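Have a look at run27.cif below; it lists mmCIF, C-alpha atoms.
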data_upload
#
loop_
_atom_site.label_atom_id
_atom_site.label_comp_id
_atom_site.auth_asym_id
_atom_site.auth_seq_id
_atom_site.Cartn_x
_atom_site.Cartn_y
_atom_site.Cartn_z
CA MET A 1 0.00 0.00 0.00
CA PRO A 2 2.76 2.54 0.70
CA ARG A 3 4.22 1.71 -2.72
CA PHE A 4 0.87 2.45 -4.37
CA GLU A 5 0.66 5.77 -2.54
CA GLU A 6 4.25 6.63 -3.52
CA ARG A 7 3.68 5.75 -7.17
CA LEU A 8 0.41 7.65 -7.29
CA SER A 9 2.05 10.72 -5.77
CA ARG A 10 4.95 10.57 -8.23
CA PHE A 11 2.55 9.98 -11.12
CA LEU A 12 0.32 12.95 -10.33
CA MET A 13 2.78 15.49 -8.95
CA GLN A 14 5.98 14.72 -10.84
CA GLU A 15 4.88 13.10 -14.08
CA LYS A 16 1.40 14.14 -15.16
CA GLY A 17 1.24 17.45 -13.31
CA ASP A 18 4.71 18.57 -14.27
CA ALA A 19 4.26 17.39 -17.86
CA LEU A 20 1.08 19.43 -18.22
CA ILE A 21 2.56 22.51 -16.55
CA SER A 22 5.81 22.28 -18.50
CA ALA A 23 4.02 21.87 -21.82
CA THR A 24 1.70 24.77 -21.07
CA GLY A 25 4.50 27.07 -19.93
CA LYS A 26 6.54 26.36 -23.03
CA ARG A 27 3.53 27.01 -25.25
CA LEU A 28 2.78 30.34 -23.61
CA VAL A 29 6.39 31.47 -23.94
CA SER A 30 6.47 30.25 -27.54
CA LEU A 31 3.25 32.07 -28.34
CA ILE A 32 4.49 35.36 -26.89
CA ALA A 33 7.78 34.98 -28.78
CA GLU A 34 5.81 34.38 -31.95
CA ALA A 35 3.68 37.42 -31.23
CA GLU A 36 6.75 39.62 -30.73
CA SER A 37 8.29 38.34 -33.95
CA SER A 38 5.08 38.91 -35.90
CA ILE A 39 4.73 42.40 -34.45
CA GLU A 40 8.22 43.34 -35.63
CA LEU A 41 7.51 42.09 -39.14
CA GLU A 42 4.11 43.74 -39.25
CA ALA A 43 5.54 47.04 -38.00
CA LYS A 44 8.12 47.02 -40.77
CA ALA A 45 5.49 46.20 -43.35
CA VAL A 46 3.13 49.03 -42.43
CA ALA A 47 5.93 51.43 -41.45
CA LEU A 48 4.46 52.52 -38.13
CA PRO A 49 5.81 55.81 -36.83
CA LEU A 50 8.68 55.12 -34.46
CA GLN A 51 7.05 56.70 -31.42
CA GLU A 52 3.79 54.84 -31.97
CA LEU A 53 5.68 51.59 -32.46
CA LYS A 54 7.59 52.12 -29.21
CA GLU A 55 4.43 52.89 -27.26
CA LYS A 56 2.55 49.89 -28.60
CA THR A 57 5.51 47.58 -28.15
CA GLU A 58 5.88 48.72 -24.54
CA ALA A 59 2.16 48.23 -23.96
CA PHE A 60 2.44 44.73 -25.41
CA LYS A 61 5.38 43.82 -23.17
CA GLN A 62 3.61 45.06 -20.05
CA ASN A 63 0.42 43.21 -20.86
CA ALA A 64 2.33 40.09 -21.90
CA ALA A 65 4.16 40.08 -18.56
CA SER A 66 0.84 40.31 -16.76
CA ILE A 67 -0.56 37.46 -18.83
CA VAL A 68 2.48 35.27 -18.13
CA GLN A 69 2.10 35.98 -14.39
CA GLU A 70 -1.54 34.96 -14.63
CA GLY A 71 -0.39 31.71 -16.24
CA GLU A 72 2.07 31.10 -13.40
CA ASP A 73 -0.66 31.76 -10.85
CA THR A 74 -2.83 29.22 -12.63
CA GLU A 75 -0.01 26.67 -12.38
CA LEU A 76 0.15 27.20 -8.62
CA LEU A 77 -3.58 26.60 -8.37
CA LEU A 78 -3.19 23.36 -10.33
CA ARG A 79 -0.46 22.14 -7.98
CA GLY A 80 -2.66 22.97 -5.01
CA GLU A 81 -5.60 21.03 -6.47
CA ILE A 82 -3.37 18.01 -7.08
CA ALA A 83 -1.97 18.21 -3.55
CA ARG A 84 -5.53 18.20 -2.15
CA LEU A 85 -6.38 15.21 -4.32
CA LEU A 86 -3.38 13.32 -2.96
CA ALA A 87 -4.35 14.24 0.60
CA ARG A 88 -7.78 12.76 -0.03
CA VAL A 89 -6.18 9.54 -1.30
CA GLU A 90 -4.04 9.38 1.84
CA ASP A 91 -7.15 9.80 4.01
CA ASP A 92 -8.97 7.10 2.05
CA LEU A 93 -5.99 4.77 2.35
CA ARG A 94 -5.70 5.35 6.09
CA ALA A 95 -9.41 4.65 6.61
CA PHE A 96 -9.19 1.56 4.42
CA ALA A 97 -6.23 0.22 6.37
CA GLU A 98 -7.95 0.76 9.73
CA GLU A 99 -11.11 -0.95 8.50
CA ASN A 100 -9.35 -3.97 7.01
CA LEU A 101 -6.55 -4.50 9.51
CA PRO A 102 -8.68 -6.81 11.71
CA ILE A 103 -9.52 -8.94 8.65
CA LEU A 104 -5.85 -9.16 7.74
CA LEU A 105 -4.87 -10.13 11.28
CA ARG A 106 -7.53 -12.88 11.37
CA ARG A 107 -6.17 -14.35 8.16
CA ILE A 108 -2.60 -14.26 9.46
CA ASN A 109 -3.65 -15.89 12.75
CA ALA A 110 -5.51 -18.59 10.84
CA ALA A 111 -2.45 -19.19 8.69
CA TYR A 112 -0.32 -19.45 11.82
CA GLU A 113 -2.62 -22.11 13.26
CA ARG A 114 -2.41 -24.08 10.01
CA HIS A 115 1.38 -23.91 9.77
CA LYS A 116 2.61 -23.72 13.37
CA HIS A 117 3.90 -27.28 13.19
CA LEU A 118 6.52 -26.19 10.62
CA THR A 119 10.08 -25.18 11.38
CA LYS A 120 10.62 -21.53 12.22
CA LYS A 121 12.02 -20.74 8.77
CA LYS A 122 9.20 -22.46 6.89
CA LEU A 123 6.62 -20.92 9.21
CA VAL A 124 7.93 -17.43 8.45
CA GLU A 125 7.87 -18.19 4.73
CA ALA A 126 4.29 -19.45 4.95
CA LEU A 127 3.15 -16.41 6.92
CA ASN A 128 4.85 -14.07 4.45
CA ARG A 129 3.07 -15.78 1.56
CA GLU A 130 -0.23 -15.49 3.38
CA LEU A 131 0.41 -11.83 4.16
CA GLU A 132 1.22 -11.05 0.53
CA ALA A 133 -1.81 -12.93 -0.76
CA SER A 134 -4.12 -11.36 1.83
CA VAL A 135 -2.95 -7.83 1.11
CA LYS A 136 -3.40 -8.45 -2.60
CA ASP A 137 -6.91 -9.87 -2.14
CA ILE A 138 -8.05 -7.12 0.21
CA PHE A 139 -6.29 -4.21 -1.48
CA SER A 140 -6.79 -4.92 -5.20
CA SER A 141 -10.49 -4.10 -5.45
CA TRP A 142 -10.08 -0.95 -3.34
CA ARG A 143 -7.12 0.17 -5.46
CA ASP A 144 -9.14 -0.22 -8.66
CA ARG A 145 -12.00 1.85 -7.25
CA GLU A 146 -9.62 4.47 -5.90
CA GLN A 147 -7.81 4.76 -9.22
CA GLU A 148 -11.12 5.36 -11.00
CA LEU A 149 -11.97 8.07 -8.49
CA VAL A 150 -8.53 9.67 -8.83
CA ALA A 151 -8.74 9.55 -12.64
CA ALA A 152 -12.16 11.23 -12.62
CA ASN A 153 -11.04 13.98 -10.26
CA TYR A 154 -7.79 14.50 -12.12
CA ARG A 155 -9.66 14.92 -15.41
CA ARG A 156 -11.90 17.51 -13.75
CA ILE A 157 -8.90 19.42 -12.37
CA THR A 158 -6.88 19.38 -15.59
CA GLN A 159 -9.86 20.30 -17.75
CA ARG A 160 -10.38 23.42 -15.64
CA PHE A 161 -6.68 24.18 -15.96
CA VAL A 162 -6.82 23.70 -19.74
CA MET A 163 -9.83 26.00 -20.04
CA ARG A 164 -8.05 28.69 -18.03
CA THR A 165 -4.86 28.30 -20.05
CA ASN A 166 -6.73 28.61 -23.32
CA CYS A 167 -8.34 31.80 -22.03
CA ILE A 168 -4.84 33.15 -21.36
CA ILE A 169 -3.76 32.17 -24.87
CA ASN A 170 -6.79 33.97 -26.26
CA GLN A 171 -5.79 37.07 -24.28
CA ILE A 172 -2.45 37.09 -26.10
CA GLU A 173 -4.21 36.78 -29.43
CA ARG A 174 -6.60 39.63 -28.63
CA LEU A 175 -3.74 41.78 -27.36
CA THR A 176 -1.73 41.49 -30.56
CA MET A 177 -4.85 42.01 -32.64
CA ASN A 178 -5.94 45.14 -30.74
CA LEU A 179 -2.51 46.77 -30.61
CA PHE A 180 -1.05 45.81 -33.95
CA ASP A 181 -3.86 44.26 -35.96
CA VAL A 182 -1.76 41.09 -36.09
CA ARG A 183 -3.40 37.68 -35.87
CA ILE A 184 -1.35 34.94 -34.25
CA THR A 185 -1.99 31.63 -35.93
CA PRO A 186 -2.39 28.89 -35.11
CA ILE A 187 -3.59 29.35 -31.53
CA LEU A 188 -1.89 26.76 -29.37
CA GLU A 189 -4.39 24.71 -27.41
CA VAL A 190 -3.54 22.43 -24.49
CA GLU A 191 -5.18 19.01 -24.65
CA PRO A 192 -6.80 17.78 -21.43
CA PHE A 193 -5.40 14.62 -19.89
CA THR A 194 -7.91 11.77 -20.15
CA SER A 195 -7.84 8.00 -19.82
CA ARG A 196 -7.21 7.89 -23.57
CA SER A 197 -4.34 10.34 -23.44
CA LYS A 198 -0.85 9.11 -24.27
CA HIS A 199 0.22 10.51 -20.87
CA TYR A 200 -2.12 8.24 -18.93
CA ASP A 201 -1.36 4.59 -18.23
CA PRO A 202 -3.09 3.06 -15.17
CA ARG A 203 -0.56 0.21 -15.15
CA ARG A 204 2.12 2.68 -14.08
CA ILE A 205 0.45 3.04 -10.69
#

Rewrite the structure from the file as structure tokens, please.
Amino acid sequence: MPRFEERLSRFLMQEKGDALISATGKRLVSLIAEAESSIELEAKAVALPLQELKEKTEAFKQNAASIVQEGEDTELLLRGEIARLLARVEDDLRAFAEENLPILLRRINAAYERHKHLTKKKLVEALNRELEASVKDIFSSWRDREQELVAANYRRITQRFVMRTNCIINQIERLTMNLFDVRITPILEVEPFTSRSKHYDPRRI
């Protein structure tokens, strides 16, 4: 059970969460870089007066910085949501262990009665086998249910994050359009993580 909890934590916080945040951050930076490049080309093409170009470029940089900060704030919210999800799993696991510990102990005691005539070494081996089998029997069905619950909640969290990120991307597009009449294409969208996503593999946890 601790290994499941460790793998789940690593999967959500270090693999899926970081992969989503990293991909989104890179896309936002790339989009702003593309916007700046397009603005320079567009300014040359229409020969904006130098002062006007400076003012609009400065306005773009200030607004872009604010948008990037908003993206970073959104990332922090995502990490907080994932941390709360993991805390819930820990609570569920603790409650599950407390509820099923008596069952596990009964099975171990029964196994001891069946094998107590064996030598000490063989008795320990038999009890270890029984412990492993009992944990597997008791834990497997709970783990499957818990993974379904985690997957559903993680989809909900990441979909909200994706929606917010796409709003930020749209802000960049509107900003360049309003200031310079430049359309940034294509708009970079962030795909939500789902059970069909290449990033998701239940066997890994």

One-decimal distance in Å that lies between atom CA of Asp91 of chain A and atom CA of Ser141 of chain A: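 Answer for the atom CA of Ser141 of chain A to atom CA of Asp91 of chain A separation: 17.1 Å.
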
Contact residues around segment 127-133 of chain A with all atoms listed in the file at 12 Å, ignoring same-chain residues under 4 positions, as a PyMOL selection string: chain A and resi 1+101+103-116+118+120-123+137-140

Assuming the chain letters and numbering stay as they are in my file, what does the PyMOL selection byres ((chain A and resi 164) around 12) actually select? List them as a PDB file with C-alpha atoms, in the coordinates of the input.
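Once everything was written out, this is selection15.pdb:
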ATOM      1  CA  THR A  24       1.700  24.770 -21.070  1.00  0.00           C
ATOM      2  CA  ILE A  67      -0.560  37.460 -18.830  1.00  0.00           C
ATOM      3  CA  GLU A  70      -1.540  34.960 -14.630  1.00  0.00           C
ATOM      4  CA  GLY A  71      -0.390  31.710 -16.240  1.00  0.00           C
ATOM      5  CA  GLU A  72       2.070  31.100 -13.400  1.00  0.00           C
ATOM      6  CA  ASP A  73      -0.660  31.760 -10.850  1.00  0.00           C
ATOM      7  CA  THR A  74      -2.830  29.220 -12.630  1.00  0.00           C
ATOM      8  CA  GLU A  75      -0.010  26.670 -12.380  1.00  0.00           C
ATOM      9  CA  LEU A  77      -3.580  26.600  -8.370  1.00  0.00           C
ATOM     10  CA  LEU A  78      -3.190  23.360 -10.330  1.00  0.00           C
ATOM     11  CA  ILE A 157      -8.900  19.420 -12.370  1.00  0.00           C
ATOM     12  CA  THR A 158      -6.880  19.380 -15.590  1.00  0.00           C
ATOM     13  CA  GLN A 159      -9.860  20.300 -17.750  1.00  0.00           C
ATOM     14  CA  ARG A 160     -10.380  23.420 -15.640  1.00  0.00           C
ATOM     15  CA  PHE A 161      -6.680  24.180 -15.960  1.00  0.00           C
ATOM     16  CA  VAL A 162      -6.820  23.700 -19.740  1.00  0.00           C
ATOM     17  CA  MET A 163      -9.830  26.000 -20.040  1.00  0.00           C
ATOM     18  CA  THR A 165      -4.860  28.300 -20.050  1.00  0.00           C
ATOM     19  CA  ASN A 166      -6.730  28.610 -23.320  1.00  0.00           C
ATOM     20  CA  CYS A 167      -8.340  31.800 -22.030  1.00  0.00           C
ATOM     21  CA  ILE A 168      -4.840  33.150 -21.360  1.00  0.00           C
ATOM     22  CA  ILE A 169      -3.760  32.170 -24.870  1.00  0.00           C
ATOM     23  CA  ASN A 170      -6.790  33.970 -26.260  1.00  0.00           C
ATOM     24  CA  GLN A 171      -5.790  37.070 -24.280  1.00  0.00           C
ATOM     25  CA  GLU A 189      -4.390  24.710 -27.410  1.00  0.00           C
ATOM     26  CA  VAL A 190      -3.540  22.430 -24.490  1.00  0.00           C
ATOM     27  CA  PRO A 192      -6.800  17.780 -21.430  1.00  0.00           C
TER      28      PRO A 192
END

Coordinates-based distance that separates atom CA of Glu99 of chain A from atom CA of Ala126 of chain A (Å, one decimal): 24.3 Å

Interatomic distance, atom CA of Glu125 of chain A to atom CA of Ala97 of chain A (Å, one decimal):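 Atom CA of Glu125 of chain A sits 23.2 Å away from atom CA of Ala97 of chain A.
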
Contact residues around Val150 of chain A with all atoms listed in the file at 9 Å, ignoring same-chain residues under 3 positions, as a list in words: Leu85, Leu86, Val89, Arg145, Glu146, Gln147, Asn153, Tyr154 and Arg155 of chain A

Please give the centre and size of the box around segment 135-140 of chain A (axis-aligned, containing every atom listed in the file, 5 Å added per side), with values in Å to one decimal and written as AutoDock Vina command-line options.
--center_x -5.5 --center_y -7.0 --center_z -2.0 --size_x 15.1 --size_y 15.7 --size_z 16.3

My structure is short of atoms at segment 137-164 of chain A; please model N, CA and C atoms there, returning them as an mmCIF file, in the frame of the given file.
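Final output, part-v8.cif:
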data_model
loop_
_atom_site.group_PDB
_atom_site.id
_atom_site.type_symbol
_atom_site.label_atom_id
_atom_site.label_comp_id
_atom_site.auth_asym_id
_atom_site.auth_seq_id
_atom_site.Cartn_x
_atom_site.Cartn_y
_atom_site.Cartn_z
ATOM 1 N N ASP A 137 -5.468 -9.622 -2.058
ATOM 2 C CA ASP A 137 -6.910 -9.870 -2.140
ATOM 3 C C ASP A 137 -7.713 -8.690 -1.602
ATOM 4 N N ILE A 138 -7.302 -8.183 -0.452
ATOM 5 C CA ILE A 138 -8.050 -7.120 0.210
ATOM 6 C C ILE A 138 -7.862 -5.784 -0.506
ATOM 7 N N PHE A 139 -6.647 -5.531 -0.970
ATOM 8 C CA PHE A 139 -6.290 -4.210 -1.480
ATOM 9 C C PHE A 139 -6.661 -4.002 -2.948
ATOM 10 N N SER A 140 -6.644 -5.075 -3.751
ATOM 11 C CA SER A 140 -6.790 -4.920 -5.200
ATOM 12 C C SER A 140 -8.086 -4.223 -5.598
ATOM 13 N N SER A 141 -9.207 -4.687 -5.054
ATOM 14 C CA SER A 141 -10.490 -4.100 -5.450
ATOM 15 C C SER A 141 -10.582 -2.645 -5.008
ATOM 16 N N TRP A 142 -10.072 -2.344 -3.807
ATOM 17 C CA TRP A 142 -10.080 -0.950 -3.340
ATOM 18 C C TRP A 142 -9.213 -0.087 -4.240
ATOM 19 N N ARG A 143 -8.034 -0.598 -4.618
ATOM 20 C CA ARG A 143 -7.120 0.170 -5.460
ATOM 21 C C ARG A 143 -7.776 0.505 -6.797
ATOM 22 N N ASP A 144 -8.477 -0.470 -7.383
ATOM 23 C CA ASP A 144 -9.140 -0.220 -8.660
ATOM 24 C C ASP A 144 -10.182 0.884 -8.533
ATOM 25 N N ARG A 145 -10.984 0.820 -7.464
ATOM 26 C CA ARG A 145 -12.000 1.850 -7.250
ATOM 27 C C ARG A 145 -11.354 3.213 -7.003
ATOM 28 N N GLU A 146 -10.286 3.216 -6.221
ATOM 29 C CA GLU A 146 -9.620 4.470 -5.900
ATOM 30 C C GLU A 146 -8.985 5.094 -7.142
ATOM 31 N N GLN A 147 -8.417 4.251 -8.005
ATOM 32 C CA GLN A 147 -7.810 4.760 -9.220
ATOM 33 C C GLN A 147 -8.856 5.385 -10.143
ATOM 34 N N GLU A 148 -10.038 4.781 -10.202
ATOM 35 C CA GLU A 148 -11.120 5.360 -11.000
ATOM 36 C C GLU A 148 -11.524 6.719 -10.446
ATOM 37 N N LEU A 149 -11.609 6.804 -9.125
ATOM 38 C CA LEU A 149 -11.970 8.070 -8.490
ATOM 39 C C LEU A 149 -10.894 9.126 -8.739
ATOM 40 N N VAL A 150 -9.633 8.739 -8.595
ATOM 41 C CA VAL A 150 -8.530 9.670 -8.830
ATOM 42 C C VAL A 150 -8.535 10.135 -10.285
ATOM 43 N N ALA A 151 -8.736 9.198 -11.215
ATOM 44 C CA ALA A 151 -8.740 9.550 -12.640
ATOM 45 C C ALA A 151 -9.842 10.555 -12.943
ATOM 46 N N ALA A 152 -11.038 10.328 -12.374
ATOM 47 C CA ALA A 152 -12.160 11.230 -12.620
ATOM 48 C C ALA A 152 -11.874 12.624 -12.071
ATOM 49 N N ASN A 153 -11.351 12.689 -10.861
ATOM 50 C CA ASN A 153 -11.040 13.980 -10.260
ATOM 51 C C ASN A 153 -9.890 14.677 -10.962
ATOM 52 N N TYR A 154 -8.920 13.895 -11.419
ATOM 53 C CA TYR A 154 -7.790 14.500 -12.120
ATOM 54 C C TYR A 154 -8.236 15.077 -13.456
ATOM 55 N N ARG A 155 -9.128 14.374 -14.148
ATOM 56 C CA ARG A 155 -9.660 14.920 -15.410
ATOM 57 C C ARG A 155 -10.377 16.237 -15.150
ATOM 58 N N ARG A 156 -11.169 16.276 -14.068
ATOM 59 C CA ARG A 156 -11.900 17.510 -13.750
ATOM 60 C C ARG A 156 -10.923 18.654 -13.476
ATOM 61 N N ILE A 157 -9.878 18.380 -12.708
ATOM 62 C CA ILE A 157 -8.900 19.420 -12.370
ATOM 63 C C ILE A 157 -8.179 19.913 -13.616
ATOM 64 N N THR A 158 -7.674 18.977 -14.430
ATOM 65 C CA THR A 158 -6.880 19.380 -15.590
ATOM 66 C C THR A 158 -7.733 20.055 -16.653
ATOM 67 N N GLN A 159 -8.998 19.647 -16.771
ATOM 68 C CA GLN A 159 -9.860 20.300 -17.750
ATOM 69 C C GLN A 159 -10.092 21.755 -17.379
ATOM 70 N N ARG A 160 -10.253 22.024 -16.087
ATOM 71 C CA ARG A 160 -10.380 23.420 -15.640
ATOM 72 C C ARG A 160 -9.101 24.189 -15.929
ATOM 73 N N PHE A 161 -7.968 23.543 -15.693
ATOM 74 C CA PHE A 161 -6.680 24.180 -15.960
ATOM 75 C C PHE A 161 -6.521 24.477 -17.450
ATOM 76 N N VAL A 162 -6.912 23.521 -18.283
ATOM 77 C CA VAL A 162 -6.820 23.700 -19.740
ATOM 78 C C VAL A 162 -7.707 24.853 -20.193
ATOM 79 N N MET A 163 -8.919 24.912 -19.660
ATOM 80 C CA MET A 163 -9.830 26.000 -20.040
ATOM 81 C C MET A 163 -9.222 27.350 -19.663
ATOM 82 N N ARG A 164 -8.650 27.432 -18.467
ATOM 83 C CA ARG A 164 -8.050 28.690 -18.030
ATOM 84 C C ARG A 164 -6.844 29.053 -18.889
#
